[in-house]
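Dropping coords.pdb in here (PDB, C-alpha atoms):
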```pdb
ATOM      1  CA  MET A   1       0.000   0.000   0.000
ATOM      2  CA  SER A   2       1.166   3.556  -0.716
ATOM      3  CA  ILE A   3      -0.146   7.066  -1.143
ATOM      4  CA  LEU A   4      -0.436   8.090  -4.794
ATOM      5  CA  ILE A   5      -0.161  11.688  -5.957
ATOM      6  CA  TYR A   6      -0.572  13.061  -9.448
ATOM      7  CA  ALA A   7       2.400  15.390  -9.907
ATOM      8  CA  GLU A   8       1.040  17.857 -12.423
ATOM      9  CA  SER A   9       3.295  19.442 -15.039
ATOM     10  CA  SER A  10       3.031  22.405 -17.361
ATOM     11  CA  SER A  11       2.810  21.911 -21.115
ATOM     12  CA  GLU A  12       6.597  22.478 -21.192
ATOM     13  CA  GLY A  13       7.132  19.436 -18.971
ATOM     14  CA  LYS A  14       8.055  21.359 -15.820
ATOM     15  CA  PHE A  15       6.445  20.509 -12.502
ATOM     16  CA  LYS A  16       3.953  23.029 -11.213
ATOM     17  CA  LYS A  17       4.370  24.341  -7.673
ATOM     18  CA  VAL A  18       1.250  22.413  -6.656
ATOM     19  CA  ALA A  19       3.079  19.142  -7.395
ATOM     20  CA  PHE A  20       5.644  19.912  -4.701
ATOM     21  CA  GLU A  21       2.971  21.077  -2.258
ATOM     22  CA  LEU A  22       1.065  17.854  -2.850
ATOM     23  CA  ALA A  23       4.243  15.816  -2.299
ATOM     24  CA  SER A  24       4.954  17.698   0.950
ATOM     25  CA  TYR A  25       1.429  17.003   2.197
ATOM     26  CA  ALA A  26       1.530  13.343   1.152
ATOM     27  CA  LYS A  27       4.855  12.769   2.921
ATOM     28  CA  LYS A  28       3.473  14.042   6.221
ATOM     29  CA  VAL A  29       0.396  11.822   5.932
ATOM     30  CA  ALA A  30       2.589   8.869   4.903
ATOM     31  CA  GLU A  31       4.659   9.257   8.061
ATOM     32  CA  SER A  32       1.479   8.963  10.141
ATOM     33  CA  LEU A  33       0.435   5.838   8.242
ATOM     34  CA  ASN A  34       3.942   4.351   8.070
ATOM     35  CA  THR A  35       3.744   4.043   4.300
ATOM     36  CA  THR A  36       5.387   5.490   1.177
ATOM     37  CA  VAL A  37       4.580   8.154  -1.423
ATOM     38  CA  THR A  38       4.370   7.339  -5.118
ATOM     39  CA  ALA A  39       4.084  10.122  -7.693
ATOM     40  CA  LEU A  40       2.550   9.661 -11.117
ATOM     41  CA  THR A  41       4.160  11.849 -13.780
ATOM     42  CA  ILE A  42       3.095  12.302 -17.395
ATOM     43  CA  ASN A  43       5.614  13.305 -20.065
ATOM     44  CA  ASN A  44       8.101  14.670 -17.548
ATOM     45  CA  SER A  45      11.635  13.318 -17.867
ATOM     46  CA  ASN A  46      13.213  15.241 -14.963
ATOM     47  CA  THR A  47      11.656  13.786 -11.829
ATOM     48  CA  ALA A  48      14.577  14.099  -9.408
ATOM     49  CA  GLU A  49      13.231  17.293  -7.843
ATOM     50  CA  LEU A  50      10.305  15.360  -6.373
ATOM     51  CA  SER A  51      12.708  13.590  -4.008
ATOM     52  CA  LYS A  52      13.300  16.902  -2.204
ATOM     53  CA  TYR A  53       9.709  16.786  -0.986
ATOM     54  CA  GLY A  54       9.504  13.193   0.167
ATOM     55  CA  VAL A  55       8.451  11.186  -2.892
ATOM     56  CA  ASP A  56       9.781   7.636  -2.650
ATOM     57  CA  LYS A  57       8.827   6.301  -6.076
ATOM     58  CA  VAL A  58       7.874   7.757  -9.447
ATOM     59  CA  LEU A  59       5.705   6.089 -12.060
ATOM     60  CA  LYS A  60       6.786   7.707 -15.338
ATOM     61  CA  ILE A  61       4.450   7.809 -18.304
ATOM     62  CA  SER A  62       5.740   8.910 -21.690
ATOM     63  CA  ASN A  63       3.045   9.060 -24.333
ATOM     64  CA  ASP A  64       2.416  11.770 -26.941
ATOM     65  CA  LYS A  65      -1.323  11.102 -26.808
ATOM     66  CA  LEU A  66      -1.264  12.627 -23.320
ATOM     67  CA  ASN A  67       0.430  15.875 -24.346
ATOM     68  CA  ASN A  68      -2.907  17.673 -24.080
ATOM     69  CA  PHE A  69      -5.161  17.215 -21.067
ATOM     70  CA  THR A  70      -8.320  15.164 -21.492
ATOM     71  CA  ALA A  71     -10.202  14.514 -18.253
ATOM     72  CA  ARG A  72     -11.401  10.994 -19.052
ATOM     73  CA  ALA A  73      -8.023   9.785 -20.308
ATOM     74  CA  PHE A  74      -6.039  11.283 -17.426
ATOM     75  CA  ALA A  75      -8.544  10.017 -14.854
ATOM     76  CA  ASP A  76      -8.253   6.517 -16.301
ATOM     77  CA  VAL A  77      -4.461   6.706 -16.109
ATOM     78  CA  VAL A  78      -4.602   7.762 -12.441
ATOM     79  CA  LYS A  79      -7.037   4.918 -11.732
ATOM     80  CA  GLN A  80      -4.692   2.361 -13.298
ATOM     81  CA  ALA A  81      -1.716   3.745 -11.367
ATOM     82  CA  ALA A  82      -3.653   3.569  -8.089
ATOM     83  CA  ALA A  83      -4.594  -0.048  -8.780
ATOM     84  CA  LYS A  84      -0.994  -0.941  -9.647
ATOM     85  CA  GLU A  85       0.348   0.579  -6.425
ATOM     86  CA  ASN A  86      -2.568  -0.637  -4.274
ATOM     87  CA  ALA A  87      -3.008   2.985  -3.207
ATOM     88  CA  LYS A  88      -5.734   3.546  -0.645
ATOM     89  CA  LEU A  89      -5.241   7.312  -0.671
ATOM     90  CA  VAL A  90      -5.040   9.281  -3.928
ATOM     91  CA  LEU A  91      -4.113  12.970  -3.746
ATOM     92  CA  LEU A  92      -4.808  15.553  -6.433
ATOM     93  CA  SER A  93      -4.338  19.315  -6.532
ATOM     94  CA  SER A  94      -7.035  21.943  -7.032
ATOM     95  CA  THR A  95      -5.921  23.101 -10.465
ATOM     96  CA  THR A  96      -8.570  23.320 -13.152
ATOM     97  CA  ASP A  97      -7.387  20.102 -14.804
ATOM     98  CA  SER A  98      -7.281  18.092 -11.590
ATOM     99  CA  LEU A  99     -10.704  19.326 -10.486
ATOM    100  CA  TYR A 100     -12.154  18.204 -13.811
ATOM    101  CA  MET A 101     -10.830  14.690 -13.440
ATOM    102  CA  ALA A 102     -11.113  14.187  -9.660
ATOM    103  CA  PRO A 103     -14.769  12.996  -9.674
ATOM    104  CA  LEU A 104     -13.954  10.624 -12.548
ATOM    105  CA  VAL A 105     -11.025   9.202 -10.577
ATOM    106  CA  ALA A 106     -13.258   8.690  -7.537
ATOM    107  CA  ILE A 107     -15.951   6.958  -9.594
ATOM    108  CA  GLY A 108     -13.390   4.731 -11.306
ATOM    109  CA  LEU A 109     -11.947   3.643  -7.946
ATOM    110  CA  ASN A 110     -15.309   3.433  -6.154
ATOM    111  CA  ALA A 111     -13.781   5.886  -3.715
ATOM    112  CA  GLY A 112     -15.015   8.644  -1.455
ATOM    113  CA  PHE A 113     -13.980  12.114  -2.604
ATOM    114  CA  ALA A 114     -13.318  15.305  -0.618
ATOM    115  CA  SER A 115     -12.439  18.543  -2.416
ATOM    116  CA  ASN A 116     -10.917  21.794  -1.108
ATOM    117  CA  VAL A 117      -8.987  20.063   1.677
ATOM    118  CA  VAL A 118      -7.119  22.671   3.726
ATOM    119  CA  GLY A 119      -5.153  20.674   6.258
ATOM    120  CA  LEU A 120      -3.783  17.351   7.358
ATOM    121  CA  PRO A 121      -6.390  14.722   8.263
ATOM    122  CA  VAL A 122      -8.180  15.560  11.495
ATOM    123  CA  ASN A 123      -8.445  11.847  12.295
ATOM    124  CA  MET A 124      -7.119   8.719  10.635
ATOM    125  CA  SER A 125      -9.752   6.345  12.010
ATOM    126  CA  PRO A 126     -12.414   7.323  11.196
ATOM    127  CA  PHE A 127     -10.760   9.235   8.346
ATOM    128  CA  GLN A 128     -11.760  12.917   8.560
ATOM    129  CA  VAL A 129     -10.491  15.999   6.755
ATOM    130  CA  LYS A 130     -11.099  19.739   7.035
ATOM    131  CA  ARG A 131     -12.432  21.446   3.913
ATOM    132  CA  ASN A 132     -13.400  24.896   2.702
ATOM    133  CA  ALA A 133     -17.150  25.261   2.273
ATOM    134  CA  PHE A 134     -19.735  27.834   1.134
ATOM    135  CA  SER A 135     -17.349  29.737  -1.145
ATOM    136  CA  ASN A 136     -14.625  29.746   1.510
ATOM    137  CA  LYS A 137     -16.879  31.343   4.130
ATOM    138  CA  ALA A 138     -16.811  28.285   6.416
ATOM    139  CA  PHE A 139     -15.071  25.000   7.112
ATOM    140  CA  ALA A 140     -16.519  21.506   7.148
ATOM    141  CA  ILE A 141     -15.181  18.303   8.695
ATOM    142  CA  THR A 142     -15.840  15.514   6.190
ATOM    143  CA  GLU A 143     -15.612  11.816   7.016
ATOM    144  CA  LEU A 144     -14.773   9.286   4.297
ATOM    145  CA  GLU A 145     -15.820   5.703   4.989
ATOM    146  CA  THR A 146     -14.702   4.046   1.736
ATOM    147  CA  GLU A 147     -11.644   1.821   1.535
ATOM    148  CA  ILE A 148     -10.049   4.069  -1.108
ATOM    149  CA  LYS A 149     -10.119   7.817  -0.617
ATOM    150  CA  VAL A 150      -9.507  10.658  -3.099
ATOM    151  CA  LEU A 151      -8.610  14.133  -1.854
ATOM    152  CA  SER A 152      -7.968  17.379  -3.716
ATOM    153  CA  LEU A 153      -5.773  19.805  -1.780
ATOM    154  CA  ALA A 154      -6.671  23.501  -1.868
ATOM    155  CA  LYS A 155      -3.914  25.721  -3.275
ATOM    156  CA  ASN A 156      -1.438  27.209  -0.816
ATOM    157  CA  SER A 157      -3.161  25.449   2.074
ATOM    158  CA  TYR A 158      -0.140  23.417   3.170
ATOM    159  CA  GLY A 159       2.981  24.918   1.616
ATOM    160  CA  LEU A 160       6.292  23.417   0.529
ATOM    161  CA  VAL A 161       8.170  21.323   3.083
ATOM    162  CA  GLU A 162      11.482  19.815   2.049
ATOM    163  CA  ASN A 163      11.963  16.249   3.265
ATOM    164  CA  SER A 164      14.574  14.478   1.164
ATOM    165  CA  SER A 165      14.050  10.859   0.200
ATOM    166  CA  SER A 166      15.740   8.207  -1.917
ATOM    167  CA  LEU A 167      13.818   8.140  -5.183
ATOM    168  CA  THR A 168      13.247   5.150  -7.443
ATOM    169  CA  GLU A 169      11.783   5.436 -10.926
ATOM    170  CA  GLU A 170       9.679   3.020 -12.924
ATOM    171  CA  ASP A 171       8.334   3.351 -16.440
ATOM    172  CA  PHE A 172       4.579   2.865 -16.543
ATOM    173  CA  THR A 173       2.543   2.102 -19.661
ATOM    174  CA  PRO A 174      -1.176   2.332 -18.954
ATOM    175  CA  THR A 175      -3.840   1.039 -21.318
ATOM    176  CA  LEU A 176      -5.379   3.947 -23.235
ATOM    177  CA  SER A 177      -8.850   3.722 -24.717
ATOM    178  CA  GLU A 178      -9.742   5.699 -27.834
ATOM    179  CA  ALA A 179     -13.125   6.388 -26.229
ATOM    180  CA  ASP A 180     -11.308   8.534 -23.650
ATOM    181  CA  PHE A 181     -10.137  10.909 -26.371
ATOM    182  CA  GLY A 182     -13.539  11.983 -27.661
ATOM    183  CA  ILE A 183     -12.626  15.650 -27.253
ATOM    184  CA  LYS A 184      -9.822  16.752 -29.554
ATOM    185  CA  VAL A 185      -7.648  19.783 -28.869
ATOM    186  CA  GLU A 186      -7.312  21.860 -32.033
ATOM    187  CA  ASN A 187      -5.208  24.695 -30.671
ATOM    188  CA  VAL A 188      -3.463  25.708 -27.449
ATOM    189  CA  GLU A 189      -2.675  29.360 -26.704
ATOM    190  CA  LYS A 190       0.278  29.831 -24.382
ATOM    191  CA  THR A 191       1.368  32.823 -22.351
ATOM    192  CA  THR A 192       5.134  33.090 -22.041
ATOM    193  CA  GLY A 193       7.354  35.210 -19.871
ATOM    194  CA  LYS A 194       4.725  35.869 -17.220
ATOM    195  CA  VAL A 195       3.745  34.319 -13.917
ATOM    196  CA  THR A 196       0.438  32.516 -14.391
ATOM    197  CA  ILE A 197      -2.469  32.967 -12.006
ATOM    198  CA  ALA A 198      -2.524  29.210 -11.389
ATOM    199  CA  ASP A 199       1.081  29.160 -10.106
ATOM    200  CA  ALA A 200       1.266  32.605  -8.493
ATOM    201  CA  GLU A 201       1.846  33.159  -4.800
ATOM    202  CA  VAL A 202       1.128  36.872  -5.288
ATOM    203  CA  VAL A 203      -1.557  38.379  -7.516
ATOM    204  CA  VAL A 204      -2.003  42.069  -8.407
ATOM    205  CA  SER A 205      -5.537  42.655  -9.628
ATOM    206  CA  GLY A 206      -7.236  45.679 -11.148
ATOM    207  CA  GLY A 207     -10.807  46.864 -11.553
ATOM    208  CA  ARG A 208     -12.771  49.607 -13.257
ATOM    209  CA  GLY A 209     -11.133  52.138 -10.971
ATOM    210  CA  LEU A 210      -8.153  52.036 -13.346
ATOM    211  CA  LYS A 211     -10.391  53.780 -15.925
ATOM    212  CA  GLY A 212      -9.038  52.010 -19.008
ATOM    213  CA  PRO A 213      -6.672  49.353 -20.410
ATOM    214  CA  GLU A 214      -4.032  51.972 -21.134
ATOM    215  CA  ASN A 215      -3.389  52.296 -17.382
ATOM    216  CA  TRP A 216      -2.539  48.662 -16.754
ATOM    217  CA  GLY A 217       1.158  49.303 -17.204
ATOM    218  CA  MET A 218       1.545  50.471 -13.604
ATOM    219  CA  LEU A 219      -0.011  47.223 -12.320
ATOM    220  CA  GLU A 220       2.295  45.185 -14.535
ATOM    221  CA  GLU A 221       5.287  47.072 -13.121
ATOM    222  CA  LEU A 222       4.155  46.364  -9.568
ATOM    223  CA  ALA A 223       3.589  42.710 -10.449
ATOM    224  CA  SER A 224       7.041  42.488 -12.018
ATOM    225  CA  VAL A 225       8.720  43.791  -8.857
ATOM    226  CA  LEU A 226       6.765  41.316  -6.703
ATOM    227  CA  GLY A 227       7.147  38.369  -9.081
ATOM    228  CA  ALA A 228       3.361  38.336  -9.231
ATOM    229  CA  ALA A 229       0.645  37.506 -11.733
ATOM    230  CA  THR A 230      -1.762  40.163 -12.968
ATOM    231  CA  ALA A 231      -5.511  39.678 -12.790
ATOM    232  CA  CYS A 232      -8.739  41.635 -13.090
ATOM    233  CA  SER A 233     -12.362  41.795 -12.018
ATOM    234  CA  LYS A 234     -15.245  40.540 -14.169
ATOM    235  CA  PRO A 235     -16.367  43.975 -15.448
ATOM    236  CA  VAL A 236     -12.848  44.627 -16.706
ATOM    237  CA  SER A 237     -12.717  41.419 -18.744
ATOM    238  CA  ASP A 238     -16.304  41.985 -19.955
ATOM    239  CA  LEU A 239     -15.274  45.422 -21.231
ATOM    240  CA  GLY A 240     -12.374  43.868 -23.106
ATOM    241  CA  TRP A 241      -9.743  45.785 -21.173
ATOM    242  CA  ARG A 242      -8.038  42.532 -20.150
ATOM    243  CA  PRO A 243      -8.270  38.939 -21.416
ATOM    244  CA  HIS A 244     -10.867  36.667 -19.811
ATOM    245  CA  SER A 245      -8.028  34.390 -18.705
ATOM    246  CA  GLU A 246      -7.153  37.061 -16.097
ATOM    247  CA  HIS A 247     -10.655  37.264 -14.618
ATOM    248  CA  VAL A 248     -10.538  36.086 -11.003
ATOM    249  CA  GLY A 249     -13.459  35.559  -8.662
ATOM    250  CA  GLN A 250     -16.265  33.094  -8.111
ATOM    251  CA  THR A 251     -17.330  33.328 -11.757
ATOM    252  CA  GLY A 252     -13.733  33.374 -13.027
ATOM    253  CA  LYS A 253     -10.596  31.746 -11.661
ATOM    254  CA  PRO A 254     -10.613  31.278  -7.887
ATOM    255  CA  VAL A 255      -7.281  32.124  -6.267
ATOM    256  CA  ALA A 256      -5.726  31.207  -2.928
ATOM    257  CA  THR A 257      -2.537  33.232  -2.948
ATOM    258  CA  ASN A 258      -0.274  34.288  -0.118
ATOM    259  CA  LEU A 259      -0.861  37.930  -1.079
ATOM    260  CA  TYR A 260      -3.702  39.455  -3.112
ATOM    261  CA  ILE A 261      -3.551  43.147  -3.997
ATOM    262  CA  ALA A 262      -6.803  44.652  -5.311
ATOM    263  CA  VAL A 263      -6.516  48.027  -7.029
ATOM    264  CA  GLY A 264      -9.654  49.939  -7.966
ATOM    265  CA  ILE A 265     -11.950  46.967  -7.278
ATOM    266  CA  SER A 266     -15.053  47.762  -5.238
ATOM    267  CA  GLY A 267     -15.486  44.182  -4.046
ATOM    268  CA  ALA A 268     -18.635  42.550  -5.394
ATOM    269  CA  ILE A 269     -19.602  39.471  -3.405
ATOM    270  CA  GLN A 270     -18.735  37.120  -6.302
ATOM    271  CA  HIS A 271     -15.237  38.567  -6.551
ATOM    272  CA  ILE A 272     -14.611  38.357  -2.818
ATOM    273  CA  ALA A 273     -15.874  34.760  -2.704
ATOM    274  CA  GLY A 274     -13.364  33.771  -5.371
ATOM    275  CA  ILE A 275     -10.315  35.293  -3.675
ATOM    276  CA  ASN A 276     -11.293  34.853  -0.018
ATOM    277  CA  SER A 277      -8.873  31.960   0.529
ATOM    278  CA  SER A 278      -5.912  34.282  -0.063
ATOM    279  CA  LYS A 279      -3.936  34.666   3.132
ATOM    280  CA  VAL A 280      -3.343  38.443   3.026
ATOM    281  CA  LYS A 281      -5.607  40.841   1.146
ATOM    282  CA  VAL A 282      -4.536  44.426   0.432
ATOM    283  CA  VAL A 283      -7.073  46.879  -1.003
ATOM    284  CA  ILE A 284      -6.311  50.217  -2.678
ATOM    285  CA  ASN A 285      -9.438  52.255  -3.463
ATOM    286  CA  SER A 286     -10.459  55.892  -3.486
ATOM    287  CA  ASP A 287     -13.897  55.054  -2.040
ATOM    288  CA  PRO A 288     -13.692  54.539   1.747
ATOM    289  CA  GLU A 289     -17.092  52.793   1.623
ATOM    290  CA  ALA A 290     -15.982  50.154  -0.886
ATOM    291  CA  PRO A 291     -17.187  46.717   0.332
ATOM    292  CA  PHE A 292     -13.719  45.242  -0.197
ATOM    293  CA  PHE A 293     -12.398  47.108   2.853
ATOM    294  CA  LYS A 294     -14.614  44.965   5.105
ATOM    295  CA  VAL A 295     -12.627  41.829   4.265
ATOM    296  CA  ALA A 296      -9.218  43.432   3.710
ATOM    297  CA  ASP A 297      -6.283  42.766   6.001
ATOM    298  CA  TYR A 298      -4.782  46.095   4.932
ATOM    299  CA  GLY A 299      -6.546  48.976   3.211
ATOM    300  CA  ILE A 300      -5.353  52.203   1.622
ATOM    301  CA  VAL A 301      -7.866  54.911   0.813
ATOM    302  CA  GLY A 302      -6.543  57.096  -1.951
ATOM    303  CA  ASP A 303      -5.816  57.624  -5.634
ATOM    304  CA  ALA A 304      -4.351  54.440  -7.145
ATOM    305  CA  PHE A 305      -2.542  56.500  -9.781
ATOM    306  CA  GLU A 306      -0.493  58.086  -6.994
ATOM    307  CA  ILE A 307      -0.221  55.152  -4.606
ATOM    308  CA  VAL A 308       0.750  52.287  -6.942
ATOM    309  CA  PRO A 309       3.795  54.008  -8.563
ATOM    310  CA  LYS A 310       5.058  55.049  -5.105
ATOM    311  CA  LEU A 311       4.546  51.525  -3.758
ATOM    312  CA  THR A 312       6.401  50.075  -6.747
ATOM    313  CA  GLN A 313       9.314  52.468  -6.237
ATOM    314  CA  LYS A 314       9.554  51.675  -2.513
ATOM    315  CA  LEU A 315       9.570  47.957  -3.244
ATOM    316  CA  ARG A 316      12.319  48.414  -5.846
ATOM    317  CA  GLU A 317      14.418  50.299  -3.297
ATOM    318  CA  PHE A 318      13.806  47.638  -0.672
ATOM    319  CA  LYS A 319      14.871  44.846  -3.047
ATOM    320  CA  ALA A 320      17.961  46.773  -4.107
ATOM    321  CA  ASN A 321      19.072  47.235  -0.498
ATOM    322  CA  SER A 322      18.265  43.746   0.763
TER     323      SER A 322
END
```

Would you mind giving the structure from this file in structure tokens?
Amino acid sequence: MSILIYAESSSEGKFKKVAFELASYAKKVAESLNTTVTALTINNSNTAELSKYGVDKVLKISNDKLNNFTARAFADVVKQAAAKENAKLVLLSSTTDSLYMAPLVAIGLNAGFASNVVGLPVNMSPFQVKRNAFSNKAFAITELETEIKVLSLAKNSYGLVENSSSLTEEDFTPTLSEADFGIKVENVEKTTGKVTIADAEVVVSGGRGLKGPENWGMLEELASVLGAATACSKPVSDLGWRPHSEHVGQTGKPVATNLYIAVGISGAIQHIAGINSSKVKVVINSDPEAPFFKVADYGIVGDAFEIVPKLTQKLREFKANS
């Protein structure tokens, strides 16, 4: 028996940060259960880095048919890997891809499934985990009674913990069914040279208070200094000021960053629900009555066009002197 994790990679074959967070989490659980951690990798030749975070064994899949994500195919691969390793606990991340396939994995394994897990198991017997609930407004303790259990770990809920292990590798060739590839990917648009929202620990987000797309340069400068991703509110993407891929919130991409900076965003309930899992929220707005201030950890009332450039300059000076 072992714990199986799906170590997710980017389209360039590099592990995403969530893969290392998942490995860190799995290692801690494995120590409690006196078992090992096996990672499933797909089209990733450089697996050594996983050993830094406690992975004991890697099942390596190399297959061009899996270059593009298809939920049914990937779920079937995870199911076969879990069966091979006799894994009673399967861990997935909360990326868009993993959330698509997680229910399919659970069904395929006849397993109980808990999403949005935010901490180590509360109990091992009975097996209970703590989860985000009601758009991150509450927590729930969920008990899984099935023999096999599938968990998806909420982003940035555990962190990276180095715990070196001796890694063994094994090539794995699962059986692929053509029926699993019913959806064909015609084109993939890639963003290069920028931190993606999915991998970001810091996000700088703008709203209609920026008055137009021509003013986004100052947010991009701030994001560059912080090593952050840029994002926007729904009205901004609806207006065409920014691409829809940058829309964060309950109706866009949910984020759970270490730091979320909202500039010129009033704070509609759907937006707040989608970013509420972020650890520290900073709000910059000229309206002291903006709803966002009620949930902010830090708030600045003032003109963003004066505050953001000064903040960027101070951060540059701090980095230069540190």

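For the choices A:Val129, A:Ile269, A:Val225, A:Val282, the atom-to-atom distance to A:Phe318 is smallest for A:Val225 when using all atoms listed in the file.
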
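Comparing A:Met218, A:Ala83, A:Val204, A:Val117 by their smallest distance to A:Leu4, the closest is A:Ala83 (using all atoms listed in the file).
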
Go through A:Ser233, A:Asn123, A:Asn258, A:Thr95 one by one, measure the shortest atom-to-atom distance of each to A:Ser157 using all atoms listed in the file, and give the residue with the smallest value.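 Smallest separation from A:Ser157 among the options: A:Asn258.
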
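For A:Ile307, the non-local neighbours within 10 Å, defined as residues at least 5 positions apart in the same chain or in other chains and counting only C-alpha atoms, are Val263, Ile284, Asn285, Ile300, Val301, Gly302 and Thr312 of chain A.
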
Give as a list in words the residues that the PyMOL selection byres ((chain A and resi 148) around 6) matches when applied to the coordinates above. Lys88, Leu89, Ala111, Thr146, Glu147 and Lys149 of chain A

Selection export as a JSON list (two decimals), in the frame of the given file, atoms kept: C-alpha atoms:
```
[["chain", "number", "residue", "atom", "x", "y", "z"],
["A", 88, "LYS", "CA", -5.73, 3.55, -0.64],
["A", 89, "LEU", "CA", -5.24, 7.31, -0.67],
["A", 111, "ALA", "CA", -13.78, 5.89, -3.72],
["A", 146, "THR", "CA", -14.70, 4.05, 1.74],
["A", 147, "GLU", "CA", -11.64, 1.82, 1.54],
["A", 149, "LYS", "CA", -10.12, 7.82, -0.62]]
```

The centre and edge lengths of an axis-aligned box containing all atoms of stretch 18-24 of chain A present in the file, extended by 6 Å on each side, are to be given in Å to one decimal, as AutoDock Vina command-line options.
```
--center_x 3.4 --center_y 19.1 --center_z -3.2 --size_x 16.6 --size_y 18.6 --size_z 20.3
```

For the interface of stretch 72-158 of chain A with stretch 19-26 of chain A (cut-off 12 Å, counting all atoms listed in the file), please tabulate each contacting residue of stretch 72-158 of chain A alongside its nearest pair of atoms and their separation in Å to one decimal, rows sorted by chain and increasing number, as a Markdown table.
```
| residue | atom | partner | partner_atom | distance |
| --- | --- | --- | --- | --- |
| A:Leu89 | CA | A:Ala26 | CA | 9.2 |
| A:Val90 | CA | A:Ala26 | CA | 9.2 |
| A:Leu91 | CA | A:Leu22 | CA | 7.2 |
| A:Leu92 | CA | A:Leu22 | CA | 7.3 |
| A:Ser93 | CA | A:Leu22 | CA | 6.7 |
| A:Ser94 | CA | A:Leu22 | CA | 10.0 |
| A:Thr95 | CA | A:Ala19 | CA | 10.3 |
| A:Ser98 | CA | A:Ala19 | CA | 11.2 |
| A:Val117 | CA | A:Tyr25 | CA | 10.9 |
| A:Val118 | CA | A:Tyr25 | CA | 10.4 |
| A:Gly119 | CA | A:Tyr25 | CA | 8.6 |
| A:Leu120 | CA | A:Tyr25 | CA | 7.3 |
| A:Pro121 | CA | A:Tyr25 | CA | 10.2 |
| A:Leu151 | CA | A:Leu22 | CA | 10.4 |
| A:Ser152 | CA | A:Leu22 | CA | 9.1 |
| A:Leu153 | CA | A:Leu22 | CA | 7.2 |
| A:Ala154 | CA | A:Leu22 | CA | 9.6 |
| A:Lys155 | CA | A:Glu21 | CA | 8.4 |
| A:Asn156 | CA | A:Glu21 | CA | 7.7 |
| A:Ser157 | CA | A:Glu21 | CA | 8.7 |
| A:Tyr158 | CA | A:Tyr25 | CA | 6.7 |
```

Translate the PyMOL selection byres ((chain A and resi 229) around 7), as applied to the file shown, into an explicit residue set as a PyMOL selection string. chain A and resi 195-197+200+202-204+223+228+230-231

Can you translate the PyMOL selection byres ((chain A and resi 137-143) around 12) into the concrete residues it hits in this file, as an MDAnalysis selection string? chainID A and resid 112:136 144:146 149:151 269 272:277 295

Out of A:Lys16, A:His271, A:Lys65, A:Lys27, which residue has the shortest atom-to-atom distance to A:Lys52 when counting only C-alpha atoms?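 The closest residue to A:Lys52 is A:Lys27.
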
So how many Å separate atom CA of A:Tyr100 and atom CA of A:Leu160, to one decimal?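 Answer for the atom CA of A:Tyr100 to atom CA of A:Leu160 separation: 23.9 Å.
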
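Minimum atom-to-atom distances from A:Thr35, A:Asn46, A:Asn68, A:Thr175 to A:Ala87 were compared using all atoms listed in the file, and the lowest value belongs to A:Thr35.
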
Coordinates-based distance that separates atom CA of A:Ala73 from atom CA of A:Ser9 (Å, one decimal): 15.8 Å

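Using all atoms listed in the file, the contacts of A:Asp64 at a cut-off of 12 Å, with sequence neighbours closer than 2 positions omitted, comprise Ser11, Ile42, Asn43, Asn44, Ile61, Ser62, Leu66, Asn67, Asn68, Phe69 and Leu176 of chain A.
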
Would you write out those residues with C-alpha atoms, as a PDB file, in the coordinates of the input?
```pdb
ATOM      1  CA  SER A  11       2.810  21.911 -21.115  1.00  0.00           C
ATOM      2  CA  ILE A  42       3.095  12.302 -17.395  1.00  0.00           C
ATOM      3  CA  ASN A  43       5.614  13.305 -20.065  1.00  0.00           C
ATOM      4  CA  ASN A  44       8.101  14.670 -17.548  1.00  0.00           C
ATOM      5  CA  ILE A  61       4.450   7.809 -18.304  1.00  0.00           C
ATOM      6  CA  SER A  62       5.740   8.910 -21.690  1.00  0.00           C
ATOM      7  CA  LEU A  66      -1.264  12.627 -23.320  1.00  0.00           C
ATOM      8  CA  ASN A  67       0.430  15.875 -24.346  1.00  0.00           C
ATOM      9  CA  ASN A  68      -2.907  17.673 -24.080  1.00  0.00           C
ATOM     10  CA  PHE A  69      -5.161  17.215 -21.067  1.00  0.00           C
ATOM     11  CA  LEU A 176      -5.379   3.947 -23.235  1.00  0.00           C
TER      12      LEU A 176
END
```

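The nearest approach to A:Ala30 among the residues A:Asn321, A:Ser2, A:Thr257, A:Asn110, with all atoms listed in the file taken into account, belongs to A:Ser2.
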
Straight-line distance linking atom CA of A:Ala75 with atom CA of A:Lys28, stated in Å to one decimal: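 Distance reported for this atom pair: 24.6 Å.
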